[in-house]
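Undergrad: Following this line is coords.csv, made up of CSV, C-alpha atoms:
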```
chain,number,residue,atom,x,y,z
N,1,MET,CA,0.0,0.0,0.0
N,2,TYR,CA,1.2,3.5,-0.9
N,3,LYS,CA,0.2,6.7,0.8
N,4,THR,CA,0.0,10.3,-0.4
N,5,LYS,CA,0.5,13.2,2.0
N,6,ALA,CA,0.8,17.0,1.9
N,7,ILE,CA,4.4,18.1,2.2
N,8,ASP,CA,3.7,20.1,5.4
N,9,GLU,CA,2.7,16.9,7.1
N,10,VAL,CA,6.0,15.1,6.8
N,11,SER,CA,9.6,16.0,7.9
N,12,ALA,CA,12.2,16.9,5.4
N,13,ARG,CA,13.9,13.6,6.0
N,14,THR,CA,11.1,12.0,4.0
N,15,TYR,CA,12.1,13.8,0.8
N,16,ASN,CA,15.7,15.0,1.2
N,17,ASP,CA,17.2,12.1,-0.8
N,18,PHE,CA,14.6,12.3,-3.5
N,19,SER,CA,16.1,12.6,-7.0
N,20,CYS,CA,14.2,12.4,-10.3
N,21,GLY,CA,17.3,13.3,-12.3
N,22,ILE,CA,16.1,16.7,-13.2
N,23,GLU,CA,18.0,19.2,-11.0
N,24,ALA,CA,15.4,22.0,-11.2
N,25,LEU,CA,12.7,19.7,-9.9
N,26,ASP,CA,14.8,18.2,-7.2
N,27,THR,CA,15.9,21.6,-6.0
N,28,TYR,CA,12.3,22.7,-6.0
N,29,LEU,CA,11.3,19.9,-3.8
N,30,HIS,CA,14.2,20.1,-1.4
N,31,ARG,CA,14.3,23.8,-1.0
N,32,TYR,CA,11.1,25.6,-2.0
N,33,ALA,CA,8.1,23.2,-2.0
N,34,LYS,CA,7.3,23.2,1.7
N,35,ASN,CA,7.6,27.0,1.9
N,36,ASN,CA,5.4,27.5,-1.2
N,37,HIS,CA,2.9,25.1,0.3
N,38,LYS,CA,2.6,27.1,3.5
N,39,LYS,CA,2.4,30.3,1.6
N,40,ASN,CA,-0.3,28.9,-0.7
N,41,ILE,CA,1.7,29.5,-3.8
N,42,GLY,CA,1.6,25.9,-4.8
N,43,LYS,CA,0.5,22.8,-3.0
N,44,THR,CA,2.9,19.9,-3.0
N,45,PHE,CA,1.9,16.3,-2.3
N,46,LEU,CA,4.2,13.3,-2.0
N,47,LEU,CA,3.7,9.7,-2.9
N,48,LEU,CA,5.2,7.7,0.0
N,49,GLN,CA,6.5,4.1,0.2
N,50,GLU,CA,7.4,3.2,3.8
N,51,GLU,CA,7.6,6.9,4.8
N,52,LEU,CA,10.0,7.8,1.9
N,53,ALA,CA,9.0,10.0,-1.0
N,54,ILE,CA,9.1,8.2,-4.3
N,55,GLY,CA,7.2,10.9,-6.2
N,56,PHE,CA,5.6,14.3,-5.9
N,57,TYR,CA,3.5,16.8,-7.8
N,58,THR,CA,2.3,20.4,-7.3
N,59,ILE,CA,-1.1,21.9,-7.7
N,60,SER,CA,-1.9,25.6,-8.1
N,61,MET,CA,-4.8,27.6,-9.4
N,62,GLY,CA,-4.5,29.5,-12.6
N,63,SER,CA,-6.6,30.9,-15.4
N,64,VAL,CA,-7.2,30.7,-19.1
N,65,GLU,CA,-7.6,33.9,-21.1
N,66,PHE,CA,-8.3,34.5,-24.7
N,67,GLN,CA,-6.4,36.9,-27.1
N,68,LYS,CA,-9.9,37.8,-28.4
N,69,LEU,CA,-13.2,36.9,-26.9
N,70,PRO,CA,-15.4,34.7,-29.1
N,71,SER,CA,-17.7,36.6,-31.5
N,72,LYS,CA,-20.9,34.9,-30.5
N,73,ILE,CA,-21.4,34.8,-26.7
N,74,GLN,CA,-20.5,31.3,-25.7
N,75,MET,CA,-22.8,29.5,-23.4
N,76,GLY,CA,-21.5,27.8,-20.3
N,77,ILE,CA,-18.7,30.2,-19.3
N,78,PRO,CA,-20.1,31.9,-16.3
N,79,LYS,CA,-16.7,33.3,-15.4
N,80,TYR,CA,-13.9,34.9,-17.4
N,81,PRO,CA,-10.9,34.5,-17.1
N,82,ILE,CA,-11.7,30.8,-16.7
N,83,PRO,CA,-10.4,29.4,-13.4
N,84,VAL,CA,-8.5,26.2,-13.8
N,85,ALA,CA,-6.5,23.9,-11.6
N,86,ARG,CA,-2.9,23.3,-12.7
N,87,ILE,CA,-0.8,20.3,-12.1
N,88,GLY,CA,2.9,20.9,-12.5
N,89,ARG,CA,6.3,19.4,-11.6
N,90,LEU,CA,5.1,15.8,-11.5
N,91,ALA,CA,8.1,13.6,-10.9
N,92,VAL,CA,9.1,10.1,-9.8
N,93,ASP,CA,12.3,9.1,-8.1
N,94,LYS,CA,14.8,7.8,-10.6
N,95,THR,CA,15.1,4.5,-8.8
N,96,CYS,CA,11.4,3.9,-9.2
N,97,LYS,CA,10.8,4.8,-12.9
N,98,ASN,CA,8.6,2.8,-15.2
N,99,ARG,CA,6.5,1.2,-12.4
N,100,GLY,CA,3.3,3.2,-12.9
N,101,PHE,CA,3.9,5.7,-10.1
N,102,GLY,CA,3.4,8.6,-12.4
N,103,LYS,CA,-0.1,7.3,-12.9
N,104,PHE,CA,-0.7,7.2,-9.2
N,105,LEU,CA,0.6,10.8,-8.8
N,106,LEU,CA,-1.7,12.0,-11.6
N,107,LEU,CA,-4.8,10.2,-10.2
N,108,ASP,CA,-4.0,11.5,-6.7
N,109,ALA,CA,-3.8,15.1,-8.1
N,110,LEU,CA,-7.1,14.6,-10.0
N,111,ALA,CA,-8.7,13.2,-6.8
N,112,ARG,CA,-7.7,16.2,-4.8
N,113,ILE,CA,-8.8,18.6,-7.5
N,114,SER,CA,-12.1,16.8,-7.9
N,115,GLU,CA,-12.7,17.3,-4.2
N,116,ALA,CA,-11.7,20.9,-4.3
N,117,SER,CA,-13.9,21.6,-7.2
N,118,LYS,CA,-16.9,20.8,-5.1
N,119,VAL,CA,-16.3,24.0,-3.2
N,120,ILE,CA,-14.2,26.2,-5.5
N,121,ALA,CA,-15.0,26.8,-9.1
N,122,ALA,CA,-12.5,25.3,-11.5
N,123,TYR,CA,-13.6,24.3,-15.0
N,124,CYS,CA,-10.7,22.4,-16.1
N,125,VAL,CA,-7.4,20.7,-15.2
N,126,ILE,CA,-4.3,21.9,-17.0
N,127,VAL,CA,-1.0,20.0,-16.8
N,128,ASP,CA,2.3,21.4,-17.8
N,129,ALA,CA,4.3,18.7,-19.5
N,130,LYS,CA,8.0,19.2,-19.6
N,131,ASP,CA,8.5,17.6,-23.0
N,132,GLU,CA,6.7,15.6,-25.7
N,133,GLU,CA,7.2,12.3,-23.9
N,134,ALA,CA,5.5,13.7,-20.8
N,135,ALA,CA,2.8,15.2,-23.0
N,136,ASN,CA,2.1,11.7,-24.5
N,137,PHE,CA,1.8,10.3,-21.0
N,138,TYR,CA,-1.1,12.7,-20.3
N,139,LYS,CA,-2.7,12.2,-23.6
N,140,LYS,CA,-3.1,8.5,-22.9
N,141,PHE,CA,-5.5,9.5,-20.1
N,142,GLY,CA,-7.6,11.8,-22.3
N,143,PHE,CA,-5.8,15.1,-21.9
N,144,GLU,CA,-6.0,17.2,-25.0
N,145,ALA,CA,-3.1,19.4,-26.1
N,146,SER,CA,-3.9,23.1,-26.4
N,147,LYS,CA,-3.5,24.2,-30.0
N,148,ASP,CA,-1.0,27.0,-29.2
N,149,VAL,CA,0.9,25.6,-26.2
N,150,ALA,CA,1.5,22.0,-27.1
N,151,LEU,CA,2.9,21.3,-23.7
N,152,ALA,CA,-0.1,22.6,-21.8
N,153,LEU,CA,-2.8,19.9,-21.9
N,154,PHE,CA,-6.3,20.1,-20.5
N,155,LEU,CA,-9.1,17.9,-19.3
N,156,PRO,CA,-12.5,19.3,-18.2
N,157,ILE,CA,-13.5,18.8,-14.6
N,158,SER,CA,-16.7,17.1,-15.7
N,159,THR,CA,-14.7,14.3,-17.2
N,160,ILE,CA,-13.0,13.7,-13.8
N,161,SER,CA,-16.1,14.0,-11.7
N,162,GLU,CA,-17.4,11.0,-13.5
N,163,LEU,CA,-14.8,9.0,-11.6
N,164,ASN,CA,-16.0,8.2,-8.1
N,165,PHE,CA,-13.0,9.3,-6.0
H,1,MET,CA,-4.2,44.0,4.1
H,2,LYS,CA,-0.6,45.0,3.9
H,3,GLU,CA,2.1,42.6,4.8
H,4,LYS,CA,5.3,43.6,6.5
H,5,GLY,CA,7.8,45.2,4.2
H,6,GLU,CA,5.1,46.3,1.7
H,7,GLY,CA,4.0,49.8,0.9
H,8,SER,CA,5.1,52.2,3.6
H,9,MET,CA,6.2,49.6,6.0
H,10,LYS,CA,9.7,49.3,4.8
H,11,GLN,CA,11.2,47.1,7.3
H,12,GLU,CA,13.3,44.6,5.3
H,13,ARG,CA,16.6,45.2,3.7
H,14,LEU,CA,17.8,43.9,0.4
H,15,ASP,CA,21.5,43.9,-0.4
H,16,VAL,CA,22.4,43.2,-4.0
H,17,ARG,CA,25.8,42.8,-5.5
H,18,THR,CA,26.3,44.4,-8.9
H,19,SER,CA,29.1,45.7,-11.2
H,20,ALA,CA,30.1,49.4,-11.3
H,21,SER,CA,28.8,49.7,-14.9
H,22,GLU,CA,25.4,48.2,-14.0
H,23,LYS,CA,25.0,50.5,-11.1
H,24,LYS,CA,25.8,53.5,-13.3
H,25,ARG,CA,23.2,52.4,-15.7
H,26,PHE,CA,20.6,51.9,-13.0
H,27,GLU,CA,21.3,55.3,-11.6
H,28,ALA,CA,21.1,57.0,-15.0
H,29,ALA,CA,17.7,55.3,-15.6
H,30,ALA,CA,16.4,56.2,-12.2
H,31,CYS,CA,17.5,59.8,-12.7
H,32,LEU,CA,15.6,60.0,-16.0
H,33,LEU,CA,12.4,59.0,-14.2
H,34,GLY,CA,13.2,61.4,-11.3
H,35,MET,CA,13.4,58.5,-8.8
H,36,ASN,CA,16.1,57.6,-6.3
H,37,LEU,CA,17.9,54.4,-7.0
H,38,SER,CA,16.2,52.4,-4.2
H,39,SER,CA,12.7,53.3,-5.5
H,40,PHE,CA,13.7,52.6,-9.0
H,41,LEU,CA,15.0,49.1,-8.2
H,42,ARG,CA,12.0,48.3,-6.1
H,43,MET,CA,9.6,49.4,-8.9
H,44,SER,CA,11.5,47.4,-11.5
H,45,ALA,CA,11.6,44.3,-9.4
H,46,LEU,CA,7.9,44.6,-8.7
H,47,GLU,CA,7.0,45.0,-12.3
H,48,LYS,CA,9.1,42.0,-13.2
H,49,SER,CA,7.6,39.9,-10.4
H,50,LEU,CA,4.1,40.7,-11.6
H,51,GLU,CA,5.0,39.7,-15.1
H,52,VAL,CA,6.5,36.4,-14.0
H,53,LEU,CA,3.7,35.6,-11.6
H,54,ARG,CA,1.1,36.4,-14.3
H,55,GLN,CA,2.8,34.2,-16.9
H,56,ASN,CA,3.0,31.4,-14.4
H,57,ASP,CA,-0.7,31.7,-13.6
H,58,THR,CA,-2.3,32.5,-16.9
H,59,ILE,CA,-2.5,30.7,-20.2
H,60,ILE,CA,-3.6,32.9,-23.1
H,61,LEU,CA,-5.2,31.2,-26.1
H,62,SER,CA,-5.4,32.2,-29.7
H,63,ASP,CA,-8.8,32.1,-31.5
H,64,SER,CA,-8.6,28.6,-32.8
H,65,ALA,CA,-7.2,27.2,-29.5
H,66,ARG,CA,-9.9,29.1,-27.7
H,67,ASP,CA,-12.6,27.5,-29.8
H,68,ALA,CA,-11.2,24.0,-29.2
H,69,PHE,CA,-10.9,24.7,-25.5
H,70,LEU,CA,-14.5,26.0,-25.1
H,71,ASN,CA,-15.8,23.2,-27.2
H,72,ALA,CA,-14.2,20.6,-24.9
H,73,LEU,CA,-15.6,22.4,-21.8
H,74,GLN,CA,-19.1,22.4,-23.3
H,75,LYS,CA,-18.9,18.8,-24.5
H,76,PRO,CA,-16.6,17.2,-22.0
H,77,PRO,CA,-15.3,13.8,-23.2
H,78,LYS,CA,-16.1,10.7,-21.2
H,79,ALA,CA,-13.3,9.3,-19.0
H,80,ASN,CA,-11.4,7.0,-21.3
H,81,LYS,CA,-10.4,3.4,-20.7
H,82,GLU,CA,-6.9,4.2,-19.5
H,83,LEU,CA,-8.1,6.8,-17.1
H,84,LYS,CA,-10.7,4.4,-15.6
H,85,LYS,CA,-8.2,1.6,-15.3
H,86,ALA,CA,-5.6,3.9,-13.7
H,87,PHE,CA,-8.4,5.1,-11.3
H,88,LYS,CA,-9.1,1.5,-10.2
H,89,GLU,CA,-5.4,0.7,-9.6
H,90,TYR,CA,-5.0,4.0,-7.7
H,91,LYS,CA,-8.0,3.2,-5.5
H,92,ASN,CA,-6.7,-0.3,-4.7
H,93,LEU,CA,-3.1,0.7,-4.0
H,94,VAL,CA,-3.0,4.3,-2.8
H,95,GLU,CA,-4.3,5.7,0.4
H,96,ARG,CA,-4.9,9.5,0.2
H,97,GLU,CA,-4.3,11.4,3.5
```
Could I get this file's structure written as structure tokens?
TA:
Amino acid sequence: MYKTKAIDEVSARTYNDFSCGIEALDTYLHRYAKNNHKKNIGKTFLLLQEELAIGFYTISMGSVEFQKLPSKIQMGIPKYPIPVARIGRLAVDKTCKNRGFGKFLLLDALARISEASKVIAAYCVIVDAKDEEAANFYKKFGFEASKDVALALFLPISTISELNF
Amino acid sequence: MKEKGEGSMKQERLDVRTSASEKKRFEAAACLLGMNLSSFLRMSALEKSLEVLRQNDTIILSDSARDAFLNALQKPPKANKELKKAFKEYKNLVERE
């Protein structure tokens, strides 16, 4: 059994040795994640195996704007800019790659966003993929690449709320 | 509500190392705007911070990307097989705290 916890609920020992192989992500986790979590800049959650972090991801709120508003008034956007939940910096420890943990991290993020969306409006989940390989990972689960920003992929909240988290 | 160090509550110090030529340039620019160096640097850093934070939070879509996006929001796809399968595995193996 694996567990996921918010970063402010564990000690730094849990994630100090975490390394996904990408320095910027490791540094973020080791040095900034907990602070940003407490300051509400971005919420970080860890996937734990026997109290050691084997993966993490960050959630924040963001918005989608349009260069131009659509000519006919679109139905179903009660709010503009459109509030969205963003998943970023999803990473698995390099000793644990290719074992499906990325999937667990993604589903955990979707579960938490789905819960949050019951009380706070968010119309969509947007993930920031770091490269094409990562983008393909998200596409498998139904995320659609945005036409301008190929590495920003989205999935409507309604698609997720269909799952019974 | 103002936080410490913001607005008129200048309680924090920032020491920044720079080269002589950079400093001259900052001073010249500040002078042109009729500001002292300290105000000029704070203003510049604030502007840059807002820009970075905004870019980080906001995605701006062109017309065709906008239409595809709105279309997906109005007709959300059903959860696909992979997502449902991953959901089951997740439910069986991961405890969310």
Undergrad: Could you list, as number ranges by chain, every residue within 12 Å of Lys88 in chain H, counting only C-alpha atoms and ignoring same-chain residues fewer than 6 positions away?
TA: N: 103-104, 107-108, 163-165; H: 81-82, 94
Undergrad: Can you write out as a Markdown table which residues of chain H fall within 12 Å of chain N, alongside each residue's closest atom pair and its distance in Å to one decimal, counting only C-alpha atoms and ordering rows by chain and ascending residue number?
TA:
```
| residue | atom | partner | partner_atom | distance |
| --- | --- | --- | --- | --- |
| H:Leu53 | CA | N:Ile41 | CA | 10.1 |
| H:Arg54 | CA | N:Gly62 | CA | 9.0 |
| H:Gln55 | CA | N:Gly62 | CA | 9.7 |
| H:Asn56 | CA | N:Gly62 | CA | 7.9 |
| H:Asp57 | CA | N:Gly62 | CA | 4.5 |
| H:Thr58 | CA | N:Ser63 | CA | 4.8 |
| H:Ile59 | CA | N:Val64 | CA | 4.8 |
| H:Ile60 | CA | N:Glu65 | CA | 4.6 |
| H:Leu61 | CA | N:Phe66 | CA | 4.7 |
| H:Ser62 | CA | N:Gln67 | CA | 5.5 |
| H:Asp63 | CA | N:Lys68 | CA | 6.6 |
| H:Ser64 | CA | N:Lys147 | CA | 7.3 |
| H:Ala65 | CA | N:Lys147 | CA | 4.8 |
| H:Arg66 | CA | N:Phe66 | CA | 6.4 |
| H:Asp67 | CA | N:Pro70 | CA | 7.8 |
| H:Ala68 | CA | N:Lys147 | CA | 7.7 |
| H:Phe69 | CA | N:Ser146 | CA | 7.2 |
| H:Leu70 | CA | N:Gln74 | CA | 8.0 |
| H:Asn71 | CA | N:Gln74 | CA | 9.5 |
| H:Ala72 | CA | N:Pro156 | CA | 7.0 |
| H:Leu73 | CA | N:Pro156 | CA | 5.7 |
| H:Gln74 | CA | N:Gly76 | CA | 6.6 |
| H:Lys75 | CA | N:Pro156 | CA | 9.0 |
| H:Pro76 | CA | N:Thr159 | CA | 5.9 |
| H:Pro77 | CA | N:Thr159 | CA | 6.1 |
| H:Lys78 | CA | N:Thr159 | CA | 5.6 |
| H:Ala79 | CA | N:Thr159 | CA | 5.5 |
| H:Asn80 | CA | N:Gly142 | CA | 6.2 |
| H:Lys81 | CA | N:Phe141 | CA | 7.8 |
| H:Glu82 | CA | N:Phe141 | CA | 5.5 |
| H:Leu83 | CA | N:Phe141 | CA | 4.8 |
| H:Lys84 | CA | N:Leu163 | CA | 7.3 |
| H:Lys85 | CA | N:Phe141 | CA | 9.6 |
| H:Ala86 | CA | N:Lys103 | CA | 6.5 |
| H:Phe87 | CA | N:Leu107 | CA | 6.3 |
| H:Lys88 | CA | N:Leu163 | CA | 9.5 |
| H:Glu89 | CA | N:Phe104 | CA | 8.0 |
| H:Tyr90 | CA | N:Phe104 | CA | 5.6 |
| H:Lys91 | CA | N:Phe165 | CA | 7.9 |
| H:Asn92 | CA | N:Met1 | CA | 8.2 |
| H:Leu93 | CA | N:Met1 | CA | 5.1 |
| H:Val94 | CA | N:Tyr2 | CA | 4.7 |
| H:Glu95 | CA | N:Lys3 | CA | 4.6 |
| H:Arg96 | CA | N:Thr4 | CA | 5.0 |
| H:Glu97 | CA | N:Lys5 | CA | 5.3 |
```
Undergrad: For a quick check of understanding, using only C-alpha atoms, which of N:Asp26, N:Asn40, N:Leu52, N:Lys118 has the smallest distance to Ser11 in chain N?
TA: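 The answer is N:Leu52, which sits nearest to Ser11 in chain N.
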Undergrad: How many Å lie between CA of Ala135 in chain N and CA of Asn98 in chain N, rounded to one decimal?
TA: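 Taking CA of Ala135 in chain N as the start and CA of Asn98 in chain N as the end point, the length is 15.8 Å.
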Undergrad: Between N:Asp93, N:Asp128, N:Asp8, N:Glu133, which is the closest to Ile59 in chain N once you count only C-alpha atoms?
TA: N:Asp128
Undergrad: Suppose you want the space between CA of Asp131 in chain N and CA of Glu51 in chain H; what is it in Å?
TA: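 Pair CA of Asp131 in chain N / CA of Glu51 in chain H returns 23.7 Å.
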Undergrad: Interatomic distance between CA of Glu132 in chain N and CA of Gly102 in chain N?
TA: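 Answer for the CA of Glu132 in chain N to CA of Gly102 in chain N separation: 15.4 Å.
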